[in-house]
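Undergrad: Got a structure for you, written out below as structure tokens; questions coming shortly.
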Amino acid sequence: MRRTNWTAVAGAVVAGAALAVGGAAVAQQQDFSKVEIDAVKVTDHIYMLAGAGGNTTIQFGPEGVLVVDTSFAPMSDKILAQIKKLSNQPIRYVIDTHVHGDHIGGNAAIAQAGRTRAGGNVVGDLGNGATSQAAIIAHENVLTRLSAPPPQGQEQVAFENWPTETFIGRKKEMIFNGEAVQILHQEAAHTDGDSLVMFRRNDVISTGDLFTTVMYPFVDDANGGTINGYINALNAILDLTVASNVNEGGTMVIPGHGRLSDEQDVIEYRDMVTIVRDRIREYVKRGMTLEQVKAKKPTFDWDRRYGDGFIKPEAFVEVIYKQMAAEKAAATPAPATKGKTQNKRKGSGE
């Protein structure tokens, strides 16, 4: 098994995050021909594929193949080659954990290499078109972001990469390959369209960028992300995990970027994010400016581990400060007007 090329991973994070919703310009600056994929066995029927872009999760069995996140478009052939090594069954489903281009760029190529399941009147009415590709599933907010006009300077994501099925509310569930698969929406976290994917029989969770092992969280406030929602999502992961021995082993966690993990890894990451958030919240309550908070270095304890990732400590601090300042402002009562104050005094008999 090859060692993961973390330089390529870091470059992929930069590309995917800079594009936010998946345009091709930044991705074209990378030489994907040199990227090798590590196929990491998680269980007998689930593998993690790590290369450029976000990690891809593969679940396979007698009914077919389910893919969670599809990396960049240029990685599609390599991902499909790995899938063929694991299963000769068709790809039936693609699930997008969120909207970023390093996780959805290969949607079209990978979905078109598969076939969805349909029958009865659906096939009768639509013919071969009813089953011509795998279904692409995501939360409704992913489709809303992809179909909106792109920010200035970014390209519209190709229609073929858009979800073909969306869900609203907290979750979508299905049985596939004899296993309950839960797609669990996490509100206003990394973005506003994030989903965890829980494979219940295999006891595996695919998190997308709600958890990584290689950088500080990317709280994409431009796409509806919040630090409080991000922490809530990490706690939601921990509500699902069960350790086998002193928080080690047990439920396996496939992160959006980085190595295969377990409950203890998520605990440590959750604690880090919570502590940094709480430090900055306290500084904001004291009336400190952003520059004063940065000078306090609230991430210092973890900078050697995460500080060289795509999200630099200063950027992480800045987005939290902005949101904690807004939280403080929302909780501060509006000052009473002069007229209301005078009326109150008259009524009190003072």
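Following the order of the structure tokens, first chain is A, next is B, and so on, with residues numbered from 1 inside each chain and ligands from 1 in the order they appear.
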Please tabulate, as a tab-separated table, the residues of range 151-224 of chain A that come within 8 Å of range 132-135 of chain A, each with its closest pair of atoms and the distance in Å to one decimal, counting only C-alpha atoms and ordering rows by chain, then residue number upward.
TA:
residue	atom	partner	partner_atom	distance
A:Pro163	CA	A:Ala135	CA	7.7
A:Thr164	CA	A:Ala135	CA	6.0
A:Glu165	CA	A:Ala135	CA	6.8
Undergrad: Restrict the calculation to only C-alpha atoms, then for each residue of range 88-180 of chain A with any atom at most 10 Å from an atom of range 58-74 of chain A give the closest atom pair and their distance in Å to one decimal, rows by chain and rising residue number, as JSON lines.
TA:
{"residue": "A:Asn88", "atom": "CA", "partner": "A:Gly64", "partner_atom": "CA", "distance": 8.2}
{"residue": "A:Gln89", "atom": "CA", "partner": "A:Gly64", "partner_atom": "CA", "distance": 4.7}
{"residue": "A:Pro90", "atom": "CA", "partner": "A:Gly64", "partner_atom": "CA", "distance": 5.1}
{"residue": "A:Ile91", "atom": "CA", "partner": "A:Val65", "partner_atom": "CA", "distance": 4.4}
{"residue": "A:Arg92", "atom": "CA", "partner": "A:Val65", "partner_atom": "CA", "distance": 5.6}
{"residue": "A:Tyr93", "atom": "CA", "partner": "A:Leu66", "partner_atom": "CA", "distance": 4.8}
{"residue": "A:Val94", "atom": "CA", "partner": "A:Val67", "partner_atom": "CA", "distance": 4.7}
{"residue": "A:Ile95", "atom": "CA", "partner": "A:Val68", "partner_atom": "CA", "distance": 4.7}
{"residue": "A:Asp96", "atom": "CA", "partner": "A:Asp69", "partner_atom": "CA", "distance": 5.1}
{"residue": "A:Thr97", "atom": "CA", "partner": "A:Asp69", "partner_atom": "CA", "distance": 6.5}
{"residue": "A:His98", "atom": "CA", "partner": "A:Asp69", "partner_atom": "CA", "distance": 8.5}
{"residue": "A:Val99", "atom": "CA", "partner": "A:Asp69", "partner_atom": "CA", "distance": 9.9}
{"residue": "A:His100", "atom": "CA", "partner": "A:Ser71", "partner_atom": "CA", "distance": 9.4}
{"residue": "A:Gly101", "atom": "CA", "partner": "A:Phe72", "partner_atom": "CA", "distance": 6.6}
{"residue": "A:Asp102", "atom": "CA", "partner": "A:Ser71", "partner_atom": "CA", "distance": 4.7}
{"residue": "A:His103", "atom": "CA", "partner": "A:Ser71", "partner_atom": "CA", "distance": 4.3}
{"residue": "A:Ile104", "atom": "CA", "partner": "A:Thr70", "partner_atom": "CA", "distance": 5.2}
{"residue": "A:Gly105", "atom": "CA", "partner": "A:Phe72", "partner_atom": "CA", "distance": 4.2}
{"residue": "A:Gly106", "atom": "CA", "partner": "A:Ala73", "partner_atom": "CA", "distance": 4.0}
{"residue": "A:Asn107", "atom": "CA", "partner": "A:Thr70", "partner_atom": "CA", "distance": 5.8}
{"residue": "A:Ala108", "atom": "CA", "partner": "A:Ala73", "partner_atom": "CA", "distance": 8.1}
{"residue": "A:Ala109", "atom": "CA", "partner": "A:Ala73", "partner_atom": "CA", "distance": 7.3}
{"residue": "A:Ile110", "atom": "CA", "partner": "A:Thr70", "partner_atom": "CA", "distance": 7.4}
{"residue": "A:Ala111", "atom": "CA", "partner": "A:Val67", "partner_atom": "CA", "distance": 9.1}
{"residue": "A:Gly114", "atom": "CA", "partner": "A:Val65", "partner_atom": "CA", "distance": 8.7}
{"residue": "A:Arg115", "atom": "CA", "partner": "A:Gly64", "partner_atom": "CA", "distance": 9.3}
{"residue": "A:Thr116", "atom": "CA", "partner": "A:Gly64", "partner_atom": "CA", "distance": 9.5}
{"residue": "A:Arg117", "atom": "CA", "partner": "A:Glu63", "partner_atom": "CA", "distance": 9.6}
{"residue": "A:Ala134", "atom": "CA", "partner": "A:Leu66", "partner_atom": "CA", "distance": 9.0}
{"residue": "A:Ala135", "atom": "CA", "partner": "A:Leu66", "partner_atom": "CA", "distance": 9.7}
{"residue": "A:Ile136", "atom": "CA", "partner": "A:Val67", "partner_atom": "CA", "distance": 9.4}
{"residue": "A:Ile137", "atom": "CA", "partner": "A:Val68", "partner_atom": "CA", "distance": 9.4}
{"residue": "A:Asn161", "atom": "CA", "partner": "A:Ala73", "partner_atom": "CA", "distance": 9.7}
{"residue": "A:Phe176", "atom": "CA", "partner": "A:Glu63", "partner_atom": "CA", "distance": 7.0}
{"residue": "A:Asn177", "atom": "CA", "partner": "A:Gly61", "partner_atom": "CA", "distance": 5.3}
{"residue": "A:Gly178", "atom": "CA", "partner": "A:Gly61", "partner_atom": "CA", "distance": 8.4}
{"residue": "A:Glu179", "atom": "CA", "partner": "A:Gly61", "partner_atom": "CA", "distance": 9.7}
Undergrad: Take CA of Gln186 in chain A and CA of Ala236 in chain A and report the distance between them in Å, one decimal.
TA: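 Between these atoms lies a distance of 8.3 Å.
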Undergrad: As a ChimeraX atom specification, which residues of range 55-274 of chain A does DSSP assign to strand (DSSP E)?
TA: /A:56-61,64-68,91-95,135-139,165-167,171-176,179-186,194-199,204-206,252-254
Undergrad: Take the residues that were just selected and, keeping C-alpha atoms, output them as a PDB file, in the first residue's frame.
TA:
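The resulting out22.pdb:
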ATOM      1  CA  THR A  56     -13.640   9.051  -1.242  1.00  0.00           C
ATOM      2  CA  THR A  57     -15.596   6.319   0.546  1.00  0.00           C
ATOM      3  CA  ILE A  58     -16.552   3.148  -1.323  1.00  0.00           C
ATOM      4  CA  GLN A  59     -19.189   0.695  -0.035  1.00  0.00           C
ATOM      5  CA  PHE A  60     -19.816  -2.379  -2.186  1.00  0.00           C
ATOM      6  CA  GLY A  61     -21.774  -5.617  -2.142  1.00  0.00           C
ATOM      7  CA  GLY A  64     -23.701  -2.623  -6.392  1.00  0.00           C
ATOM      8  CA  VAL A  65     -21.397   0.201  -5.333  1.00  0.00           C
ATOM      9  CA  LEU A  66     -22.077   3.355  -3.335  1.00  0.00           C
ATOM     10  CA  VAL A  67     -19.596   6.240  -3.537  1.00  0.00           C
ATOM     11  CA  VAL A  68     -19.309   9.085  -1.017  1.00  0.00           C
ATOM     12  CA  ILE A  91     -22.136   2.018  -9.255  1.00  0.00           C
ATOM     13  CA  ARG A  92     -25.660   2.741  -8.004  1.00  0.00           C
ATOM     14  CA  TYR A  93     -25.318   5.828  -5.812  1.00  0.00           C
ATOM     15  CA  VAL A  94     -23.073   8.848  -5.371  1.00  0.00           C
ATOM     16  CA  ILE A  95     -23.512  10.860  -2.163  1.00  0.00           C
ATOM     17  CA  ALA A 135     -28.153   8.687  -8.689  1.00  0.00           C
ATOM     18  CA  ILE A 136     -26.336  11.672  -7.138  1.00  0.00           C
ATOM     19  CA  ILE A 137     -27.746  12.396  -3.667  1.00  0.00           C
ATOM     20  CA  ALA A 138     -27.190  15.494  -1.525  1.00  0.00           C
ATOM     21  CA  HIS A 139     -28.982  17.813   0.851  1.00  0.00           C
ATOM     22  CA  GLU A 165     -31.888  13.568  -5.875  1.00  0.00           C
ATOM     23  CA  THR A 166     -32.076  15.872  -2.852  1.00  0.00           C
ATOM     24  CA  PHE A 167     -33.539  15.624   0.610  1.00  0.00           C
ATOM     25  CA  LYS A 171     -31.870  12.823   7.237  1.00  0.00           C
ATOM     26  CA  LYS A 172     -32.371  10.433   4.356  1.00  0.00           C
ATOM     27  CA  GLU A 173     -32.210   6.690   4.934  1.00  0.00           C
ATOM     28  CA  MET A 174     -32.047   3.621   2.719  1.00  0.00           C
ATOM     29  CA  ILE A 175     -31.087  -0.047   2.743  1.00  0.00           C
ATOM     30  CA  PHE A 176     -28.292  -0.888   0.325  1.00  0.00           C
ATOM     31  CA  GLU A 179     -27.101  -2.377   5.253  1.00  0.00           C
ATOM     32  CA  ALA A 180     -28.893   0.651   6.692  1.00  0.00           C
ATOM     33  CA  VAL A 181     -27.269   3.788   5.274  1.00  0.00           C
ATOM     34  CA  GLN A 182     -28.129   7.090   6.948  1.00  0.00           C
ATOM     35  CA  ILE A 183     -27.388  10.479   5.379  1.00  0.00           C
ATOM     36  CA  LEU A 184     -27.534  12.943   8.276  1.00  0.00           C
ATOM     37  CA  HIS A 185     -27.709  16.677   7.580  1.00  0.00           C
ATOM     38  CA  GLN A 186     -25.649  18.932   9.875  1.00  0.00           C
ATOM     39  CA  ASP A 194     -23.148  19.196   5.050  1.00  0.00           C
ATOM     40  CA  SER A 195     -24.080  15.564   5.590  1.00  0.00           C
ATOM     41  CA  LEU A 196     -22.551  12.718   7.550  1.00  0.00           C
ATOM     42  CA  VAL A 197     -22.955   9.255   6.032  1.00  0.00           C
ATOM     43  CA  MET A 198     -23.383   6.427   8.559  1.00  0.00           C
ATOM     44  CA  PHE A 199     -22.997   2.788   7.500  1.00  0.00           C
ATOM     45  CA  VAL A 204     -18.288   3.384   9.667  1.00  0.00           C
ATOM     46  CA  ILE A 205     -18.944   7.129   9.336  1.00  0.00           C
ATOM     47  CA  SER A 206     -17.894   9.228   6.346  1.00  0.00           C
ATOM     48  CA  MET A 252     -14.194   3.918  12.189  1.00  0.00           C
ATOM     49  CA  VAL A 253     -14.316   7.514  10.949  1.00  0.00           C
ATOM     50  CA  ILE A 254     -13.338   8.487   7.394  1.00  0.00           C
TER      51      ILE A 254
END
Undergrad: Mind pulling up the distance from CA of Leu260 in chain A to CA of Thr213 in chain A?
TA: 8.8 Å
Undergrad: From the set A:Thr43, A:Asn235, A:Thr299, A:Ser147, which residue has the shortest atom-to-atom contact distance to Met215 in chain A, counting only C-alpha atoms?
TA: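 Closest to Met215 in chain A of all the choices is A:Thr299.
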